[in-house]
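Here's the structure we're looking at; comments come further down.
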Amino acid sequence: MTIKVGDRVPEATFTTFGPEGPRPVTTDELFKGRKVALFAVPGAFTPTCSAKHLPGFVQHAAALKAKGVDAIACVSVNDVFVMKAWGENQGVGDNVLMLADGNGAFTRAIGLELDGSRFGMGTRSQRYSMIVDDGVVKELNVEAGGEYRVSSAEYMLAQL
């Protein structure tokens, strides 16, 4: 079943790369008592994700935070080392928390997996964005097909 507005985000653990190396980040740690702009991409270093999706959130980070967002997080079904390298490549700095959902557990739990096997990518995440306030989904923007529109930072800004 796909997550919807009003649902609580399920318990899951991501991995991010901190000063000491890879470290777990639970959904409770990420969302409890905070408003988070979360977006997901089918894959790090892929064309639309690298040219538009992630750069849009980096570019509009200050505007999102000015509208009450405490944190911006990018999720992909990639390993933590790929997410670290992609974040460095894109110059995200402290603007976007890069979260690896390496085994796709979170993606499956919210029902937004994508079969990318015809592209040699296996199971990935659909492209989406959501605003999560204290663990509850307030806005959910899932792209149709191969589109890139409703999951953008610009679209999210208009929702805040």
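Each chain of the structure tokens is named A, B, ... in the order shown, its residues numbered from 1; ligands are numbered from 1 in display order.
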
Report task. Compile the contact shell of region 109-125 of chain A as a list of chain:residue names: residues with an atom at most 8 Å away, counting only C-alpha atoms, same-chain residues fewer than 5 positions apart removed. Result -> A:Met1, A:Thr2, A:Ile3, A:Val9, A:Pro10, A:Ala40, A:Val41, A:Pro42, A:Gly43, A:Ser76, A:Val77, A:Gly104

Keeping C-alpha atoms for every residue in the selection just given, could you write it to a file as a PDB file, in the first residue's frame?
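Written file, selection32.pdb:
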ATOM      1  CA  MET A   1       0.000   0.000   0.000  1.00  0.00           C
ATOM      2  CA  THR A   2       1.302   3.440  -0.932  1.00  0.00           C
ATOM      3  CA  ILE A   3       1.760   6.023   1.794  1.00  0.00           C
ATOM      4  CA  VAL A   9       6.095   7.605   8.143  1.00  0.00           C
ATOM      5  CA  PRO A  10       7.004   3.960   8.884  1.00  0.00           C
ATOM      6  CA  ALA A  40      13.603  10.631  -3.596  1.00  0.00           C
ATOM      7  CA  VAL A  41      15.283   9.896  -6.871  1.00  0.00           C
ATOM      8  CA  PRO A  42      15.600   6.696  -8.922  1.00  0.00           C
ATOM      9  CA  GLY A  43      19.387   6.863  -8.786  1.00  0.00           C
ATOM     10  CA  SER A  76      17.940   6.960  -3.114  1.00  0.00           C
ATOM     11  CA  VAL A  77      18.207   3.185  -3.291  1.00  0.00           C
ATOM     12  CA  GLY A 104      15.169  -0.280  -0.395  1.00  0.00           C
TER      13      GLY A 104
END

Query raised in the report: Among chain A, which residues carry a DSSP assignment of strand (DSSP E), reported as a PyMOL selection string?
Result: chain A and resi 13-18+21-26+35-41+71-76+97-100+113-115+123-125+128-133+136-142

Query - Of the listed residues A:Gly68, A:Pro24, A:Pro19, A:Gly135, that which approaches Leu99 (chain A) most closely, counting only C-alpha atoms - result: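 Nearest candidate to Leu99 (chain A) out of A:Gly68, A:Pro24, A:Pro19, A:Gly135: A:Pro24.
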
Query - Residue contacts of Asp94 (chain A) (10 Å, only C-alpha atoms) excluding same-chain residues fewer than 2 positions away, as a PyMOL selection string - result: chain A and resi 58+61+71-72+87+91-92+96-98

Limited to N, CA, C and O atoms, could you put the picked residues into a file as a tab-separated table (two decimals), in the first residue's frame?
chain	number	residue	atom	x	y	z
A	58	VAL	N	19.19	22.06	-3.68
A	58	VAL	CA	20.37	22.80	-3.20
A	58	VAL	C	20.15	24.30	-3.44
A	58	VAL	O	20.35	25.12	-2.54
A	61	ALA	N	17.39	25.72	-1.05
A	61	ALA	CA	17.47	25.32	0.36
A	61	ALA	C	17.13	26.47	1.30
A	61	ALA	O	16.34	26.30	2.24
A	71	ALA	N	14.85	20.61	7.79
A	71	ALA	CA	15.86	19.81	7.13
A	71	ALA	C	15.38	19.40	5.75
A	71	ALA	O	14.18	19.23	5.53
A	72	ILE	N	16.33	19.23	4.84
A	72	ILE	CA	16.06	18.75	3.49
A	72	ILE	C	16.85	17.46	3.34
A	72	ILE	O	18.04	17.42	3.63
A	87	GLY	N	26.75	13.56	-3.43
A	87	GLY	CA	26.60	14.82	-2.69
A	87	GLY	C	27.81	15.72	-2.87
A	87	GLY	O	27.67	16.93	-3.05
A	91	GLY	N	27.95	19.33	-4.73
A	91	GLY	CA	28.21	20.45	-3.83
A	91	GLY	C	27.07	20.72	-2.86
A	91	GLY	O	26.76	21.88	-2.59
A	92	VAL	N	26.47	19.67	-2.30
A	92	VAL	CA	25.32	19.87	-1.41
A	92	VAL	C	25.70	20.48	-0.07
A	92	VAL	O	24.88	21.14	0.56
A	96	VAL	N	21.64	19.65	2.07
A	96	VAL	CA	20.82	18.46	1.86
A	96	VAL	C	21.49	17.27	2.52
A	96	VAL	O	22.67	17.01	2.29
A	97	LEU	N	20.73	16.56	3.33
A	97	LEU	CA	21.20	15.33	3.96
A	97	LEU	C	21.03	14.20	2.95
A	97	LEU	O	19.92	13.94	2.48
A	98	MET	N	22.13	13.55	2.60
A	98	MET	CA	22.11	12.48	1.61
A	98	MET	C	21.89	11.15	2.33
A	98	MET	O	22.73	10.72	3.11

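Among A:Phe81, A:Phe31, A:Phe39, A:Phe57, the residue with the shortest atom-to-atom distance to Thr16 (chain A), counting only C-alpha atoms, is A:Phe81.
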
Query raised in the report: Using only C-alpha atoms, which residue out of A:Phe106, A:Phe45, A:Tyr155, A:Tyr148 lies closest to Trp86 (chain A)?
Result: A:Phe45

Report task. Work out how far CA of Cys49 (chain A) is from CA of Val5 (chain A), in Å to one decimal. Result ->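 These two atoms are separated by 24.1 Å.
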
Query raised in the report: Any idea what's packed within 6 Å of Lys35 (chain A), counting only C-alpha atoms, ignoring anything in its chain fewer than 4 positions away? Could you give it as number ranges by chain?
Result: A: 69-70, 132-133

Selection from above, N, CA, C and O atoms, as a PDB file, in the first residue's frame, can you write it?
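Now in result.pdb:
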ATOM      1  N   VAL A  69      10.963  24.849   6.921  1.00  0.00           N
ATOM      2  CA  VAL A  69      11.547  23.512   6.789  1.00  0.00           C
ATOM      3  C   VAL A  69      12.812  23.443   7.646  1.00  0.00           C
ATOM      4  O   VAL A  69      13.682  24.303   7.538  1.00  0.00           O
ATOM      5  N   ASP A  70      12.875  22.438   8.504  1.00  0.00           N
ATOM      6  CA  ASP A  70      14.042  22.272   9.379  1.00  0.00           C
ATOM      7  C   ASP A  70      15.186  21.531   8.701  1.00  0.00           C
ATOM      8  O   ASP A  70      16.350  21.743   9.038  1.00  0.00           O
ATOM      9  N   VAL A 132       7.122  16.227   5.528  1.00  0.00           N
ATOM     10  CA  VAL A 132       6.807  15.421   6.706  1.00  0.00           C
ATOM     11  C   VAL A 132       6.954  16.319   7.922  1.00  0.00           C
ATOM     12  O   VAL A 132       8.009  16.910   8.139  1.00  0.00           O
ATOM     13  N   ASP A 133       5.877  16.427   8.691  1.00  0.00           N
ATOM     14  CA  ASP A 133       5.879  17.268   9.886  1.00  0.00           C
ATOM     15  C   ASP A 133       5.703  16.375  11.106  1.00  0.00           C
ATOM     16  O   ASP A 133       4.651  15.760  11.276  1.00  0.00           O
TER      17      ASP A 133
END

Helix (DSSP H, G or I) call set, DSSP backbone run, chain A, as a compact mmCIF listing (two decimals) with N, CA and C atoms, in the first residue's frame:
# COMPACT_ATOMS: atom_id res chain seq x y z
N THR A 27 14.18 6.87 11.04
CA THR A 27 13.12 7.80 10.68
C THR A 27 12.71 8.63 11.89
N ASP A 28 12.75 8.06 13.07
CA ASP A 28 12.43 8.80 14.28
C ASP A 28 13.42 9.95 14.48
N GLU A 29 14.70 9.67 14.31
CA GLU A 29 15.74 10.70 14.45
C GLU A 29 15.56 11.80 13.40
N LEU A 30 15.18 11.42 12.20
CA LEU A 30 15.05 12.38 11.11
C LEU A 30 13.81 13.25 11.25
N PHE A 31 12.68 12.65 11.62
CA PHE A 31 11.40 13.35 11.55
C PHE A 31 10.82 13.86 12.86
N PRO A 47 20.77 11.12 -15.13
CA PRO A 47 20.67 12.43 -15.79
C PRO A 47 19.72 13.45 -15.14
N THR A 48 18.44 13.15 -15.01
CA THR A 48 17.49 14.12 -14.46
C THR A 48 17.79 14.40 -12.99
N CYS A 49 18.18 13.37 -12.26
CA CYS A 49 18.47 13.53 -10.84
C CYS A 49 19.64 14.47 -10.62
N SER A 50 20.66 14.37 -11.47
CA SER A 50 21.86 15.19 -11.32
C SER A 50 21.74 16.57 -11.97
N ALA A 51 20.95 16.66 -13.02
CA ALA A 51 20.84 17.94 -13.73
C ALA A 51 19.77 18.85 -13.15
N LYS A 52 18.71 18.26 -12.56
CA LYS A 52 17.59 19.07 -12.11
C LYS A 52 17.16 18.83 -10.67
N HIS A 53 16.91 17.57 -10.31
CA HIS A 53 16.23 17.30 -9.05
C HIS A 53 17.05 17.72 -7.83
N LEU A 54 18.20 17.12 -7.63
CA LEU A 54 19.06 17.48 -6.50
C LEU A 54 19.52 18.94 -6.58
N PRO A 55 19.97 19.43 -7.74
CA PRO A 55 20.39 20.84 -7.79
C PRO A 55 19.27 21.82 -7.42
N GLY A 56 18.04 21.49 -7.74
CA GLY A 56 16.92 22.37 -7.39
C GLY A 56 16.78 22.52 -5.89
N PHE A 57 16.94 21.43 -5.15
CA PHE A 57 16.82 21.50 -3.70
C PHE A 57 18.02 22.21 -3.08
N VAL A 58 19.19 22.06 -3.68
CA VAL A 58 20.37 22.80 -3.20
C VAL A 58 20.15 24.30 -3.44
N GLN A 59 19.72 24.64 -4.64
CA GLN A 59 19.50 26.04 -5.01
C GLN A 59 18.44 26.70 -4.14
N ALA A 61 17.39 25.72 -1.05
CA ALA A 61 17.47 25.32 0.36
C ALA A 61 17.13 26.47 1.30
N ALA A 62 17.69 27.63 1.09
CA ALA A 62 17.43 28.77 1.98
C ALA A 62 15.97 29.18 1.94
N ALA A 63 15.37 29.17 0.77
CA ALA A 63 13.95 29.54 0.64
C ALA A 63 13.05 28.52 1.34
N LEU A 64 13.38 27.23 1.22
CA LEU A 64 12.61 26.19 1.90
C LEU A 64 12.72 26.36 3.42
N LYS A 65 13.92 26.61 3.89
CA LYS A 65 14.13 26.79 5.33
C LYS A 65 13.45 28.06 5.83
N ALA A 66 13.41 29.10 5.00
CA ALA A 66 12.72 30.33 5.38
C ALA A 66 11.22 30.12 5.52
N VAL A 80 25.66 3.99 0.66
CA VAL A 80 26.06 5.23 1.33
C VAL A 80 27.28 5.87 0.67
N PHE A 81 28.17 5.07 0.08
CA PHE A 81 29.37 5.62 -0.55
C PHE A 81 29.02 6.33 -1.85
N VAL A 82 28.06 5.79 -2.59
CA VAL A 82 27.59 6.45 -3.80
C VAL A 82 26.89 7.76 -3.44
N MET A 83 26.05 7.72 -2.39
CA MET A 83 25.35 8.94 -1.98
C MET A 83 26.34 10.01 -1.51
N LYS A 84 27.37 9.60 -0.81
CA LYS A 84 28.40 10.55 -0.37
C LYS A 84 29.10 11.18 -1.58
N ALA A 85 29.51 10.35 -2.52
CA ALA A 85 30.21 10.84 -3.71
C ALA A 85 29.31 11.76 -4.54
N TRP A 86 28.04 11.40 -4.65
CA TRP A 86 27.11 12.22 -5.43
C TRP A 86 26.90 13.57 -4.75
N GLY A 87 26.75 13.56 -3.43
CA GLY A 87 26.60 14.82 -2.69
C GLY A 87 27.81 15.72 -2.87
N GLU A 88 29.00 15.14 -2.81
CA GLU A 88 30.22 15.92 -3.02
C GLU A 88 30.27 16.46 -4.44
N ASN A 89 29.93 15.62 -5.41
CA ASN A 89 29.93 16.01 -6.81
C ASN A 89 28.96 17.17 -7.07
N GLN A 90 27.84 17.16 -6.36
CA GLN A 90 26.81 18.18 -6.55
C GLN A 90 26.97 19.38 -5.61
N ALA A 105 14.48 -0.71 1.90
CA ALA A 105 13.50 -1.03 2.96
C ALA A 105 12.49 0.10 3.17
N PHE A 106 12.96 1.33 3.22
CA PHE A 106 12.05 2.47 3.40
C PHE A 106 11.16 2.61 2.16
N THR A 107 11.77 2.53 1.01
CA THR A 107 11.03 2.66 -0.25
C THR A 107 9.92 1.63 -0.35
N ARG A 108 10.20 0.40 0.00
CA ARG A 108 9.16 -0.66 0.01
C ARG A 108 8.10 -0.38 1.05
N ALA A 109 8.53 0.07 2.23
CA ALA A 109 7.59 0.32 3.33
C ALA A 109 6.58 1.40 2.99
N SER A 117 14.58 -2.65 -13.72
CA SER A 117 15.38 -3.74 -14.28
C SER A 117 15.54 -3.64 -15.79
N ARG A 118 14.59 -3.04 -16.48
CA ARG A 118 14.77 -2.92 -17.94
C ARG A 118 15.90 -1.96 -18.30
N PHE A 119 16.34 -1.16 -17.31
CA PHE A 119 17.47 -0.26 -17.50
C PHE A 119 18.73 -0.79 -16.80
N ALA A 153 11.77 21.13 -6.16
CA ALA A 153 11.85 22.08 -5.05
C ALA A 153 10.92 23.26 -5.29
N GLU A 154 10.81 23.69 -6.52
CA GLU A 154 9.95 24.82 -6.86
C GLU A 154 8.48 24.50 -6.55
N TYR A 155 8.05 23.30 -6.90
CA TYR A 155 6.67 22.88 -6.63
C TYR A 155 6.43 22.81 -5.13
N MET A 156 7.41 22.29 -4.41
CA MET A 156 7.28 22.18 -2.96
C MET A 156 7.22 23.57 -2.31
N LEU A 157 8.00 24.49 -2.79
CA LEU A 157 7.98 25.86 -2.25
C LEU A 157 6.57 26.45 -2.32
N ALA A 158 5.87 26.18 -3.41
CA ALA A 158 4.51 26.70 -3.58
C ALA A 158 3.54 26.04 -2.61
N GLN A 159 3.87 24.86 -2.07
CA GLN A 159 3.01 24.16 -1.12
C GLN A 159 3.18 24.65 0.31

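Take the candidates A:Ala144, A:Ala37, A:Val136, A:Leu160 and check each one against Val75 (chain A) using only C-alpha atoms; the shortest distance goes to A:Ala37.
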
Report task. For CA of Glu147 (chain A) and CA of Glu11 (chain A), quote the distance in Å rounded to one decimal. Result ->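 Between these atoms lies a distance of 28.4 Å.
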